[in-house]
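Student: See final34.cif below, with mmCIF, N, CA and C atoms.
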data_entry
loop_
_atom_site.label_atom_id
_atom_site.label_comp_id
_atom_site.auth_asym_id
_atom_site.auth_seq_id
_atom_site.Cartn_x
_atom_site.Cartn_y
_atom_site.Cartn_z
N GLN C 254 185.64 -57.24 11.13
CA GLN C 254 185.28 -56.16 10.21
C GLN C 254 183.76 -56.12 10.07
N VAL C 255 183.17 -55.00 10.37
CA VAL C 255 181.72 -54.83 10.27
C VAL C 255 181.42 -54.09 8.98
N GLN C 256 180.52 -54.63 8.20
CA GLN C 256 180.11 -53.98 6.96
C GLN C 256 178.60 -53.86 6.91
N LEU C 257 178.13 -52.72 6.43
CA LEU C 257 176.71 -52.47 6.28
C LEU C 257 176.43 -52.20 4.80
N VAL C 258 175.43 -52.86 4.26
CA VAL C 258 175.07 -52.68 2.86
C VAL C 258 173.58 -52.38 2.78
N GLU C 259 173.24 -51.19 2.29
CA GLU C 259 171.84 -50.81 2.12
C GLU C 259 171.36 -51.22 0.73
N SER C 260 170.08 -51.48 0.63
CA SER C 260 169.46 -51.76 -0.66
C SER C 260 167.98 -51.38 -0.56
N GLY C 261 167.34 -51.31 -1.73
CA GLY C 261 165.91 -51.05 -1.75
C GLY C 261 165.52 -49.65 -2.16
N GLY C 262 166.50 -48.78 -2.36
CA GLY C 262 166.17 -47.43 -2.78
C GLY C 262 165.70 -47.40 -4.22
N GLY C 263 165.22 -46.23 -4.65
CA GLY C 263 164.77 -46.10 -6.02
C GLY C 263 163.90 -44.88 -6.20
N LEU C 264 163.22 -44.85 -7.33
CA LEU C 264 162.32 -43.76 -7.69
C LEU C 264 160.88 -44.21 -7.48
N VAL C 265 160.12 -43.39 -6.78
CA VAL C 265 158.73 -43.72 -6.50
C VAL C 265 157.90 -42.45 -6.55
N GLN C 266 156.65 -42.59 -6.90
CA GLN C 266 155.75 -41.44 -6.92
C GLN C 266 155.28 -41.10 -5.51
N ALA C 267 154.93 -39.86 -5.32
CA ALA C 267 154.39 -39.43 -4.03
C ALA C 267 153.20 -40.30 -3.64
N GLY C 268 153.17 -40.69 -2.38
CA GLY C 268 152.13 -41.58 -1.90
C GLY C 268 152.50 -43.04 -1.95
N GLY C 269 153.60 -43.35 -2.63
CA GLY C 269 154.03 -44.73 -2.76
C GLY C 269 154.82 -45.22 -1.57
N SER C 270 155.34 -46.45 -1.71
CA SER C 270 156.07 -47.10 -0.62
C SER C 270 157.37 -47.71 -1.13
N LEU C 271 158.31 -47.81 -0.22
CA LEU C 271 159.57 -48.51 -0.46
C LEU C 271 159.98 -49.18 0.84
N ARG C 272 160.73 -50.27 0.70
CA ARG C 272 161.32 -50.89 1.89
C ARG C 272 162.83 -50.94 1.71
N LEU C 273 163.52 -50.28 2.59
CA LEU C 273 164.98 -50.32 2.58
C LEU C 273 165.46 -51.45 3.48
N SER C 274 166.56 -52.07 3.07
CA SER C 274 167.19 -53.11 3.87
C SER C 274 168.61 -52.72 4.19
N CYS C 275 169.06 -53.13 5.36
CA CYS C 275 170.44 -52.89 5.77
C CYS C 275 170.99 -54.23 6.26
N ALA C 276 171.82 -54.84 5.44
CA ALA C 276 172.43 -56.12 5.80
C ALA C 276 173.75 -55.85 6.49
N ILE C 277 173.90 -56.43 7.67
CA ILE C 277 175.09 -56.17 8.48
C ILE C 277 175.89 -57.46 8.63
N SER C 278 177.12 -57.41 8.23
CA SER C 278 178.00 -58.57 8.38
C SER C 278 179.04 -58.27 9.44
N GLY C 279 179.40 -59.28 10.18
CA GLY C 279 180.37 -59.09 11.24
C GLY C 279 179.89 -59.80 12.49
N PRO C 280 180.71 -59.82 13.49
CA PRO C 280 180.35 -60.55 14.70
C PRO C 280 179.26 -59.86 15.50
N THR C 281 178.56 -60.65 16.26
CA THR C 281 177.60 -60.15 17.24
C THR C 281 176.59 -59.17 16.67
N PHE C 282 175.92 -59.55 15.57
CA PHE C 282 174.90 -58.66 15.00
C PHE C 282 173.85 -58.30 16.03
N GLY C 283 173.50 -59.26 16.85
CA GLY C 283 172.45 -59.04 17.82
C GLY C 283 172.80 -58.02 18.89
N SER C 284 174.01 -57.52 18.91
CA SER C 284 174.41 -56.53 19.91
C SER C 284 174.48 -55.12 19.35
N TYR C 285 174.04 -54.94 18.11
CA TYR C 285 174.15 -53.63 17.48
C TYR C 285 172.85 -52.85 17.57
N ALA C 286 172.94 -51.63 18.05
CA ALA C 286 171.86 -50.67 17.85
C ALA C 286 172.01 -50.14 16.42
N VAL C 287 170.89 -49.93 15.75
CA VAL C 287 170.94 -49.51 14.35
C VAL C 287 170.07 -48.29 14.14
N GLY C 288 170.54 -47.41 13.32
CA GLY C 288 169.78 -46.22 12.98
C GLY C 288 169.77 -45.99 11.48
N TRP C 289 168.73 -45.32 11.04
CA TRP C 289 168.66 -44.84 9.65
C TRP C 289 168.75 -43.32 9.68
N PHE C 290 169.59 -42.80 8.80
CA PHE C 290 169.74 -41.36 8.63
C PHE C 290 169.53 -41.05 7.15
N ARG C 291 169.30 -39.79 6.88
CA ARG C 291 169.19 -39.37 5.48
C ARG C 291 169.82 -38.00 5.29
N GLN C 292 170.25 -37.78 4.06
CA GLN C 292 170.86 -36.49 3.73
C GLN C 292 170.40 -36.07 2.35
N ALA C 293 169.73 -34.93 2.32
CA ALA C 293 169.28 -34.34 1.07
C ALA C 293 170.35 -33.36 0.60
N PRO C 294 170.37 -33.05 -0.70
CA PRO C 294 171.37 -32.11 -1.22
C PRO C 294 171.32 -30.77 -0.50
N GLY C 295 172.47 -30.32 -0.07
CA GLY C 295 172.56 -29.03 0.59
C GLY C 295 172.09 -29.02 2.03
N LYS C 296 171.74 -30.18 2.56
CA LYS C 296 171.26 -30.25 3.95
C LYS C 296 172.15 -31.17 4.77
N GLU C 297 172.05 -31.02 6.08
CA GLU C 297 172.80 -31.87 6.97
C GLU C 297 172.14 -33.25 7.09
N ARG C 298 172.97 -34.22 7.47
CA ARG C 298 172.44 -35.56 7.70
C ARG C 298 171.52 -35.53 8.91
N GLU C 299 170.37 -36.16 8.80
CA GLU C 299 169.41 -36.13 9.89
C GLU C 299 168.95 -37.53 10.27
N PHE C 300 168.64 -37.68 11.53
CA PHE C 300 168.12 -38.94 12.05
C PHE C 300 166.73 -39.19 11.49
N VAL C 301 166.48 -40.44 11.10
CA VAL C 301 165.16 -40.83 10.61
C VAL C 301 164.49 -41.81 11.59
N SER C 302 165.17 -42.93 11.85
CA SER C 302 164.60 -43.96 12.71
C SER C 302 165.72 -44.74 13.39
N GLY C 303 165.39 -45.30 14.55
CA GLY C 303 166.38 -46.10 15.26
C GLY C 303 165.74 -47.27 15.96
N ILE C 304 166.54 -48.30 16.21
CA ILE C 304 166.05 -49.49 16.89
C ILE C 304 167.16 -50.00 17.81
N THR C 305 166.75 -50.47 18.99
CA THR C 305 167.73 -50.98 19.94
C THR C 305 168.25 -52.36 19.51
N TRP C 306 169.26 -52.83 20.21
CA TRP C 306 169.95 -54.05 19.83
C TRP C 306 169.03 -55.26 19.80
N ASN C 307 168.02 -55.27 20.64
CA ASN C 307 167.11 -56.42 20.70
C ASN C 307 165.74 -56.12 20.08
N GLY C 308 165.62 -54.96 19.47
CA GLY C 308 164.34 -54.61 18.86
C GLY C 308 163.28 -54.20 19.83
N GLY C 309 163.66 -54.05 21.11
CA GLY C 309 162.68 -53.75 22.12
C GLY C 309 162.17 -52.32 22.11
N LYS C 310 162.89 -51.46 21.45
CA LYS C 310 162.49 -50.06 21.41
C LYS C 310 162.83 -49.47 20.06
N THR C 311 161.92 -48.64 19.56
CA THR C 311 162.15 -47.94 18.31
C THR C 311 161.80 -46.47 18.48
N ASN C 312 162.30 -45.67 17.56
CA ASN C 312 161.98 -44.25 17.58
C ASN C 312 162.04 -43.72 16.16
N HIS C 313 161.23 -42.74 15.89
CA HIS C 313 161.19 -42.14 14.56
C HIS C 313 161.17 -40.63 14.68
N ALA C 314 161.78 -39.97 13.73
CA ALA C 314 161.72 -38.52 13.68
C ALA C 314 160.26 -38.09 13.47
N ASP C 315 159.93 -36.93 13.99
CA ASP C 315 158.55 -36.44 13.85
C ASP C 315 158.11 -36.35 12.39
N SER C 316 159.05 -36.05 11.52
CA SER C 316 158.72 -35.86 10.10
C SER C 316 158.29 -37.16 9.41
N VAL C 317 158.62 -38.31 10.01
CA VAL C 317 158.27 -39.59 9.38
C VAL C 317 157.37 -40.44 10.27
N LYS C 318 157.08 -39.97 11.46
CA LYS C 318 156.28 -40.75 12.40
C LYS C 318 154.91 -41.05 11.79
N GLY C 319 154.51 -42.30 11.91
CA GLY C 319 153.24 -42.73 11.34
C GLY C 319 153.33 -43.17 9.89
N ARG C 320 154.46 -42.89 9.25
CA ARG C 320 154.65 -43.29 7.85
C ARG C 320 155.78 -44.30 7.69
N PHE C 321 156.79 -44.23 8.53
CA PHE C 321 157.95 -45.13 8.45
C PHE C 321 157.94 -46.08 9.64
N THR C 322 158.43 -47.28 9.40
CA THR C 322 158.56 -48.28 10.47
C THR C 322 159.90 -48.96 10.36
N ILE C 323 160.62 -49.02 11.46
CA ILE C 323 161.90 -49.73 11.49
C ILE C 323 161.71 -51.06 12.19
N SER C 324 162.39 -52.08 11.68
CA SER C 324 162.31 -53.40 12.30
C SER C 324 163.62 -54.14 12.03
N ARG C 325 163.81 -55.23 12.73
CA ARG C 325 165.02 -56.02 12.50
C ARG C 325 164.71 -57.50 12.57
N ASP C 326 165.46 -58.26 11.79
CA ASP C 326 165.37 -59.72 11.80
C ASP C 326 166.76 -60.23 12.12
N ASN C 327 166.99 -60.56 13.37
CA ASN C 327 168.33 -60.97 13.78
C ASN C 327 168.74 -62.29 13.16
N SER C 328 167.78 -63.10 12.73
CA SER C 328 168.13 -64.36 12.08
C SER C 328 168.71 -64.13 10.69
N LYS C 329 168.42 -62.94 10.13
CA LYS C 329 168.94 -62.59 8.80
C LYS C 329 169.96 -61.46 8.85
N ASN C 330 170.32 -61.04 10.06
CA ASN C 330 171.29 -59.96 10.23
C ASN C 330 170.91 -58.72 9.41
N THR C 331 169.63 -58.41 9.42
CA THR C 331 169.12 -57.33 8.56
C THR C 331 168.17 -56.44 9.34
N VAL C 332 168.28 -55.15 9.07
CA VAL C 332 167.36 -54.16 9.60
C VAL C 332 166.61 -53.55 8.43
N TYR C 333 165.32 -53.31 8.61
CA TYR C 333 164.47 -52.80 7.55
C TYR C 333 163.91 -51.42 7.90
N LEU C 334 163.65 -50.65 6.87
CA LEU C 334 162.92 -49.39 7.03
C LEU C 334 161.79 -49.41 6.01
N GLN C 335 160.59 -49.64 6.51
CA GLN C 335 159.41 -49.62 5.65
C GLN C 335 158.91 -48.18 5.57
N MET C 336 158.85 -47.66 4.36
CA MET C 336 158.46 -46.27 4.15
C MET C 336 157.17 -46.24 3.34
N SER C 337 156.17 -45.58 3.87
CA SER C 337 154.87 -45.48 3.20
C SER C 337 154.47 -44.01 3.11
N SER C 338 153.48 -43.75 2.27
CA SER C 338 152.98 -42.39 2.08
C SER C 338 154.13 -41.42 1.83
N LEU C 339 155.00 -41.82 0.94
CA LEU C 339 156.20 -41.02 0.69
C LEU C 339 155.86 -39.66 0.09
N LYS C 340 156.69 -38.68 0.47
CA LYS C 340 156.52 -37.31 0.01
C LYS C 340 157.78 -36.85 -0.72
N PRO C 341 157.67 -35.88 -1.58
CA PRO C 341 158.88 -35.39 -2.27
C PRO C 341 159.97 -34.96 -1.29
N GLU C 342 159.59 -34.45 -0.14
CA GLU C 342 160.59 -34.02 0.84
C GLU C 342 161.32 -35.18 1.50
N ASP C 343 160.90 -36.41 1.23
CA ASP C 343 161.63 -37.58 1.72
C ASP C 343 162.80 -37.93 0.80
N THR C 344 162.91 -37.24 -0.32
CA THR C 344 164.00 -37.49 -1.24
C THR C 344 165.35 -37.21 -0.59
N ALA C 345 166.23 -38.21 -0.61
CA ALA C 345 167.53 -38.09 0.04
C ALA C 345 168.31 -39.37 -0.19
N VAL C 346 169.57 -39.33 0.19
CA VAL C 346 170.35 -40.56 0.32
C VAL C 346 170.14 -41.08 1.74
N TYR C 347 169.76 -42.32 1.83
CA TYR C 347 169.48 -42.94 3.13
C TYR C 347 170.65 -43.84 3.53
N TYR C 348 171.09 -43.67 4.77
CA TYR C 348 172.21 -44.43 5.30
C TYR C 348 171.76 -45.22 6.52
N CYS C 349 172.24 -46.44 6.64
CA CYS C 349 172.08 -47.14 7.90
C CYS C 349 173.41 -47.10 8.65
N ALA C 350 173.30 -47.13 9.96
CA ALA C 350 174.47 -47.03 10.82
C ALA C 350 174.30 -47.96 12.01
N ALA C 351 175.40 -48.45 12.53
CA ALA C 351 175.36 -49.39 13.64
C ALA C 351 176.33 -48.99 14.74
N ALA C 352 175.93 -49.30 15.96
CA ALA C 352 176.77 -49.04 17.12
C ALA C 352 176.71 -50.26 18.02
N LEU C 353 177.86 -50.68 18.51
CA LEU C 353 177.93 -51.87 19.36
C LEU C 353 177.57 -51.48 20.79
N VAL C 354 176.28 -51.34 21.03
CA VAL C 354 175.81 -50.97 22.36
C VAL C 354 174.56 -51.78 22.68
N ARG C 355 174.43 -52.12 23.95
CA ARG C 355 173.23 -52.82 24.41
C ARG C 355 172.51 -51.94 25.43
N LEU C 356 171.86 -50.92 24.89
CA LEU C 356 171.12 -49.99 25.73
C LEU C 356 169.66 -50.00 25.31
N GLN C 357 168.79 -49.76 26.26
CA GLN C 357 167.38 -49.61 25.92
C GLN C 357 167.08 -48.14 25.68
N ALA C 358 167.87 -47.58 24.78
CA ALA C 358 167.69 -46.18 24.41
C ALA C 358 168.11 -46.04 22.96
N ILE C 359 167.43 -45.18 22.25
CA ILE C 359 167.72 -44.98 20.85
C ILE C 359 168.83 -43.93 20.71
N LEU C 360 169.82 -44.24 19.89
CA LEU C 360 170.88 -43.29 19.61
C LEU C 360 170.41 -42.36 18.51
N LEU C 361 170.36 -41.08 18.79
CA LEU C 361 169.76 -40.11 17.87
C LEU C 361 170.79 -39.32 17.07
N VAL C 362 172.05 -39.38 17.48
CA VAL C 362 173.07 -38.53 16.90
C VAL C 362 174.01 -39.36 16.05
N ALA C 363 174.35 -38.84 14.88
CA ALA C 363 175.19 -39.59 13.94
C ALA C 363 176.54 -39.97 14.55
N SER C 364 177.10 -39.10 15.35
CA SER C 364 178.43 -39.37 15.91
C SER C 364 178.42 -40.52 16.92
N GLN C 365 177.25 -40.95 17.34
CA GLN C 365 177.15 -42.08 18.25
C GLN C 365 177.31 -43.42 17.54
N TYR C 366 177.24 -43.41 16.23
CA TYR C 366 177.35 -44.64 15.45
C TYR C 366 178.74 -44.77 14.86
N ARG C 367 179.29 -45.97 14.99
CA ARG C 367 180.66 -46.18 14.51
C ARG C 367 180.70 -46.68 13.07
N TYR C 368 179.72 -47.48 12.68
CA TYR C 368 179.76 -48.15 11.38
C TYR C 368 178.66 -47.60 10.49
N TRP C 369 179.00 -47.39 9.21
CA TRP C 369 178.06 -46.78 8.26
C TRP C 369 178.06 -47.55 6.95
N GLY C 370 176.89 -47.57 6.31
CA GLY C 370 176.80 -48.09 4.97
C GLY C 370 177.12 -47.01 3.95
N GLN C 371 177.06 -47.39 2.68
CA GLN C 371 177.43 -46.46 1.61
C GLN C 371 176.26 -45.58 1.18
N GLY C 372 175.06 -45.93 1.61
CA GLY C 372 173.89 -45.13 1.29
C GLY C 372 173.13 -45.65 0.08
N THR C 373 171.84 -45.37 0.06
CA THR C 373 171.00 -45.72 -1.08
C THR C 373 170.08 -44.54 -1.38
N GLN C 374 169.94 -44.23 -2.65
CA GLN C 374 169.17 -43.05 -3.06
C GLN C 374 167.68 -43.36 -3.08
N VAL C 375 166.92 -42.48 -2.47
CA VAL C 375 165.46 -42.52 -2.55
C VAL C 375 164.99 -41.22 -3.18
N THR C 376 164.24 -41.33 -4.25
CA THR C 376 163.72 -40.16 -4.95
C THR C 376 162.21 -40.29 -5.06
N VAL C 377 161.51 -39.28 -4.55
CA VAL C 377 160.05 -39.28 -4.58
C VAL C 377 159.60 -38.16 -5.50
N SER C 378 158.92 -38.53 -6.54
CA SER C 378 158.45 -37.54 -7.51
C SER C 378 157.04 -37.08 -7.16
N SER C 379 156.77 -35.83 -7.49
CA SER C 379 155.44 -35.26 -7.15
C SER C 379 154.45 -35.48 -8.28
#
Take the structure in the file and give it back as structure tokens.
Tutor:
Amino acid sequence: QVQLVESGGGLVQAGGSLRLSCAISGPTFGSYAVGWFRQAPGKEREFVSGITWNGGKTNHADSVKGRFTISRDNSKNTVYLQMSSLKPEDTAVYYCAAALVRLQAILLVASQYRYWGQGTQVTVSS
């Protein structure tokens, strides 16, 4: 049974920073590609950032490039999303997702991920 638990969300002023964590329990953590997605009210879920199973490759949506950084610590079975220079338009529920794949390519589509967390709210005030 694979479980993902996000934490680190909250309320922050524009220009501030937050670090989200995604703790993954289950076998073979080191074989999971992980992605962060977000969904704002009335909008579709969108890709934010992704990292390959070994951390060798990362990718970020254009809207967050240069402000967000994804990383993983396989010794702690955790993936992080460091968010800086936050904007009100970053307000959303953030989800982490995992897929049991060992590819040197970032999975950009939600349907490519099998396992999902419950989400954590990020609210950026202006």
Student: Report as a ChimeraX atom specification all protein, DNA and RNA residues lying within 7 Å of Ile323 (chain C), evaluated on all atoms listed in the file, omitting residues in the same chain fewer than 4 positions from it.
Tutor: /C:302-304,311,332-335
Student: Can you write just those residues out, N, CA and C atoms, as an mmCIF file, in the coordinates of the input?
Tutor:
data_model
loop_
_atom_site.group_PDB
_atom_site.id
_atom_site.type_symbol
_atom_site.label_atom_id
_atom_site.label_comp_id
_atom_site.auth_asym_id
_atom_site.auth_seq_id
_atom_site.Cartn_x
_atom_site.Cartn_y
_atom_site.Cartn_z
ATOM 1 N N SER C 302 165.170 -42.930 11.850
ATOM 2 C CA SER C 302 164.600 -43.960 12.710
ATOM 3 C C SER C 302 165.720 -44.740 13.390
ATOM 4 N N GLY C 303 165.390 -45.300 14.550
ATOM 5 C CA GLY C 303 166.380 -46.100 15.260
ATOM 6 C C GLY C 303 165.740 -47.270 15.960
ATOM 7 N N ILE C 304 166.540 -48.300 16.210
ATOM 8 C CA ILE C 304 166.050 -49.490 16.890
ATOM 9 C C ILE C 304 167.160 -50.000 17.810
ATOM 10 N N THR C 311 161.920 -48.640 19.560
ATOM 11 C CA THR C 311 162.150 -47.940 18.310
ATOM 12 C C THR C 311 161.800 -46.470 18.480
ATOM 13 N N VAL C 332 168.280 -55.150 9.070
ATOM 14 C CA VAL C 332 167.360 -54.160 9.600
ATOM 15 C C VAL C 332 166.610 -53.550 8.430
ATOM 16 N N TYR C 333 165.320 -53.310 8.610
ATOM 17 C CA TYR C 333 164.470 -52.800 7.550
ATOM 18 C C TYR C 333 163.910 -51.420 7.900
ATOM 19 N N LEU C 334 163.650 -50.650 6.870
ATOM 20 C CA LEU C 334 162.920 -49.390 7.030
ATOM 21 C C LEU C 334 161.790 -49.410 6.010
ATOM 22 N N GLN C 335 160.590 -49.640 6.510
ATOM 23 C CA GLN C 335 159.410 -49.620 5.650
ATOM 24 C C GLN C 335 158.910 -48.180 5.570
#
Student: Using 8 Å as the limit and counting only C-alpha atoms, can you tabulate each residue of region 289-375 of chain C that touches region 265-273 of chain C, with its shortest atom-to-atom distance in Å and the two atoms involved, as JSON lines?
Tutor:
{"residue": "C:Tyr333", "atom": "CA", "partner": "C:Leu273", "partner_atom": "CA", "distance": 5.6}
{"residue": "C:Leu334", "atom": "CA", "partner": "C:Leu273", "partner_atom": "CA", "distance": 5.0}
{"residue": "C:Gln335", "atom": "CA", "partner": "C:Arg272", "partner_atom": "CA", "distance": 4.4}
{"residue": "C:Met336", "atom": "CA", "partner": "C:Leu271", "partner_atom": "CA", "distance": 5.2}
{"residue": "C:Ser337", "atom": "CA", "partner": "C:Ser270", "partner_atom": "CA", "distance": 4.3}
{"residue": "C:Ser338", "atom": "CA", "partner": "C:Gly268", "partner_atom": "CA", "distance": 4.1}
{"residue": "C:Leu339", "atom": "CA", "partner": "C:Gly268", "partner_atom": "CA", "distance": 4.9}
{"residue": "C:Lys340", "atom": "CA", "partner": "C:Ala267", "partner_atom": "CA", "distance": 5.0}
{"residue": "C:Pro341", "atom": "CA", "partner": "C:Ala267", "partner_atom": "CA", "distance": 6.3}
{"residue": "C:Val375", "atom": "CA", "partner": "C:Val265", "partner_atom": "CA", "distance": 7.9}
Student: For the file shown, report as number ranges by chain the outcome of the PyMOL selection byres (((chain C and resi 329 and name CA) around 10) and name CA) at residue level.
Tutor: C: 276-278, 282, 325-328, 330-332
Student: Could you build a table of the residues in region 341-366 of chain C lying no more than 6.5 Å from region 289-294 of chain C, giving for each the nearest pair of atoms and their separation in Å rounded to one decimal place, using all atoms listed in the file, ordered by chain and ascending residue number, as CSV?
Tutor:
residue,atom,partner,partner_atom,distance
C:Thr344,C,C:Ala293,CA,5.1
C:Ala345,CA,C:Gln292,C,4.2
C:Val346,N,C:Gln292,C,4.0
C:Tyr347,CA,C:Arg291,CA,4.3
C:Tyr348,N,C:Phe290,C,3.9
C:Cys349,CA,C:Trp289,CA,4.5
C:Ala350,N,C:Trp289,N,5.0
Student: Write the residues of the preceding selection, restricted to N, CA and C atoms, as a short mmCIF file (atom, residue, chain, number, x, y, z; two decimals), in the coordinates of the input.
Tutor:
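Generated file (selection.cif):
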data_model
loop_
_atom_site.label_atom_id
_atom_site.label_comp_id
_atom_site.auth_asym_id
_atom_site.auth_seq_id
_atom_site.Cartn_x
_atom_site.Cartn_y
_atom_site.Cartn_z
N THR C 344 162.91 -37.24 -0.32
CA THR C 344 164.00 -37.49 -1.24
C THR C 344 165.35 -37.21 -0.59
N ALA C 345 166.23 -38.21 -0.61
CA ALA C 345 167.53 -38.09 0.04
C ALA C 345 168.31 -39.37 -0.19
N VAL C 346 169.57 -39.33 0.19
CA VAL C 346 170.35 -40.56 0.32
C VAL C 346 170.14 -41.08 1.74
N TYR C 347 169.76 -42.32 1.83
CA TYR C 347 169.48 -42.94 3.13
C TYR C 347 170.65 -43.84 3.53
N TYR C 348 171.09 -43.67 4.77
CA TYR C 348 172.21 -44.43 5.30
C TYR C 348 171.76 -45.22 6.52
N CYS C 349 172.24 -46.44 6.64
CA CYS C 349 172.08 -47.14 7.90
C CYS C 349 173.41 -47.10 8.65
N ALA C 350 173.30 -47.13 9.96
CA ALA C 350 174.47 -47.03 10.82
C ALA C 350 174.30 -47.96 12.01
#
Student: Could you tell me how far atom C of Ser274 (chain C) lies from CA of Thr373 (chain C), in Å and to one decimal?
Tutor: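 Computed distance, atom C of Ser274 (chain C) to CA of Thr373 (chain C), equals 9.1 Å.
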Student: Could you please determine the separation between atom N of Arg355 (chain C) and atom N of Ala286 (chain C) in Å, to one decimal place?
Tutor: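 Separation of atom N of Arg355 (chain C) and atom N of Ala286 (chain C): 6.1 Å.
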Student: Once DSSP has gone over the backbone, tell me which residues of chain C are in strand (DSSP E or B), as a PyMOL selection string.
Tutor: chain C and resi 256-260+263-266+271-278+285-292+299-304+311-313+321-326+331-336+345-353+368-369+373-378
Student: Could you state the separation of atom N of Val362 (chain C) and atom N of Glu297 (chain C) in Å, given to one decimal place?
Tutor: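 So the two atoms, atom N of Val362 (chain C) and atom N of Glu297 (chain C), lie 14.1 Å apart.
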Student: Which polymer residues have any atom within 8 Å of an atom of Ser284 (chain C), counting only N, CA and C atoms, with same-chain residues fewer than 2 positions away left out, as a CSV table (one decimal) with N, CA and C atoms, in the frame of the given file?
Tutor:
chain,number,residue,atom,x,y,z
C,280,PRO,N,180.7,-59.8,13.5
C,280,PRO,CA,180.4,-60.6,14.7
C,280,PRO,C,179.3,-59.9,15.5
C,281,THR,N,178.6,-60.6,16.3
C,281,THR,CA,177.6,-60.2,17.2
C,281,THR,C,176.6,-59.2,16.7
C,282,PHE,N,175.9,-59.6,15.6
C,282,PHE,CA,174.9,-58.7,15.0
C,282,PHE,C,173.8,-58.3,16.0
C,286,ALA,N,172.9,-51.6,18.0
C,286,ALA,CA,171.9,-50.7,17.8
C,286,ALA,C,172.0,-50.1,16.4
C,287,VAL,N,170.9,-49.9,15.8
C,287,VAL,CA,170.9,-49.5,14.4
C,287,VAL,C,170.1,-48.3,14.1
C,305,THR,N,166.8,-50.5,19.0
C,305,THR,CA,167.7,-51.0,19.9
C,305,THR,C,168.2,-52.4,19.5
C,306,TRP,N,169.3,-52.8,20.2
C,306,TRP,CA,170.0,-54.0,19.8
C,306,TRP,C,169.0,-55.3,19.8
C,307,ASN,N,168.0,-55.3,20.6
C,307,ASN,CA,167.1,-56.4,20.7
C,307,ASN,C,165.7,-56.1,20.1
C,351,ALA,N,175.4,-48.4,12.5
C,351,ALA,CA,175.4,-49.4,13.6
C,351,ALA,C,176.3,-49.0,14.7
C,352,ALA,N,175.9,-49.3,16.0
C,352,ALA,CA,176.8,-49.0,17.1
C,352,ALA,C,176.7,-50.3,18.0
C,353,LEU,N,177.9,-50.7,18.5
C,353,LEU,CA,177.9,-51.9,19.4
C,353,LEU,C,177.6,-51.5,20.8
C,354,VAL,N,176.3,-51.3,21.0
C,354,VAL,CA,175.8,-51.0,22.4
C,354,VAL,C,174.6,-51.8,22.7
C,355,ARG,N,174.4,-52.1,24.0
C,355,ARG,CA,173.2,-52.8,24.4
C,355,ARG,C,172.5,-51.9,25.4
C,356,LEU,N,171.9,-50.9,24.9
C,356,LEU,CA,171.1,-50.0,25.7
C,356,LEU,C,169.7,-50.0,25.3
Student: Complete the atom set of region 324-334 of chain C to N, CA, C and O atoms and return it as a PDB file, in the frame of the given file.
Tutor:
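File written: result-v5.pdb
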ATOM      1  N   SER C 324     162.390 -52.080  11.680  1.00  0.00           N
ATOM      2  CA  SER C 324     162.310 -53.400  12.300  1.00  0.00           C
ATOM      3  C   SER C 324     163.620 -54.140  12.030  1.00  0.00           C
ATOM      4  O   SER C 324     164.442 -53.692  11.218  1.00  0.00           O
ATOM      5  N   ARG C 325     163.810 -55.230  12.730  1.00  0.00           N
ATOM      6  CA  ARG C 325     165.020 -56.020  12.500  1.00  0.00           C
ATOM      7  C   ARG C 325     164.710 -57.500  12.570  1.00  0.00           C
ATOM      8  O   ARG C 325     163.805 -57.930  13.289  1.00  0.00           O
ATOM      9  N   ASP C 326     165.460 -58.260  11.790  1.00  0.00           N
ATOM     10  CA  ASP C 326     165.370 -59.720  11.800  1.00  0.00           C
ATOM     11  C   ASP C 326     166.760 -60.230  12.120  1.00  0.00           C
ATOM     12  O   ASP C 326     167.630 -60.284  11.235  1.00  0.00           O
ATOM     13  N   ASN C 327     166.990 -60.560  13.370  1.00  0.00           N
ATOM     14  CA  ASN C 327     168.330 -60.970  13.780  1.00  0.00           C
ATOM     15  C   ASN C 327     168.740 -62.290  13.160  1.00  0.00           C
ATOM     16  O   ASN C 327     169.932 -62.574  13.038  1.00  0.00           O
ATOM     17  N   SER C 328     167.780 -63.100  12.730  1.00  0.00           N
ATOM     18  CA  SER C 328     168.130 -64.360  12.080  1.00  0.00           C
ATOM     19  C   SER C 328     168.710 -64.130  10.690  1.00  0.00           C
ATOM     20  O   SER C 328     169.410 -64.993  10.146  1.00  0.00           O
ATOM     21  N   LYS C 329     168.420 -62.940  10.130  1.00  0.00           N
ATOM     22  CA  LYS C 329     168.940 -62.590   8.800  1.00  0.00           C
ATOM     23  C   LYS C 329     169.960 -61.460   8.850  1.00  0.00           C
ATOM     24  O   LYS C 329     170.411 -60.973   7.814  1.00  0.00           O
ATOM     25  N   ASN C 330     170.320 -61.040  10.060  1.00  0.00           N
ATOM     26  CA  ASN C 330     171.290 -59.960  10.230  1.00  0.00           C
ATOM     27  C   ASN C 330     170.910 -58.720   9.410  1.00  0.00           C
ATOM     28  O   ASN C 330     171.756 -58.079   8.783  1.00  0.00           O
ATOM     29  N   THR C 331     169.630 -58.410   9.420  1.00  0.00           N
ATOM     30  CA  THR C 331     169.120 -57.330   8.560  1.00  0.00           C
ATOM     31  C   THR C 331     168.170 -56.440   9.340  1.00  0.00           C
ATOM     32  O   THR C 331     167.364 -56.918  10.150  1.00  0.00           O
ATOM     33  N   VAL C 332     168.280 -55.150   9.070  1.00  0.00           N
ATOM     34  CA  VAL C 332     167.360 -54.160   9.600  1.00  0.00           C
ATOM     35  C   VAL C 332     166.610 -53.550   8.430  1.00  0.00           C
ATOM     36  O   VAL C 332     167.197 -53.297   7.369  1.00  0.00           O
ATOM     37  N   TYR C 333     165.320 -53.310   8.610  1.00  0.00           N
ATOM     38  CA  TYR C 333     164.470 -52.800   7.550  1.00  0.00           C
ATOM     39  C   TYR C 333     163.910 -51.420   7.900  1.00  0.00           C
ATOM     40  O   TYR C 333     163.702 -51.105   9.074  1.00  0.00           O
ATOM     41  N   LEU C 334     163.650 -50.650   6.870  1.00  0.00           N
ATOM     42  CA  LEU C 334     162.920 -49.390   7.030  1.00  0.00           C
ATOM     43  C   LEU C 334     161.790 -49.410   6.010  1.00  0.00           C
ATOM     44  O   LEU C 334     162.023 -49.261   4.804  1.00  0.00           O
TER      45      LEU C 334
END
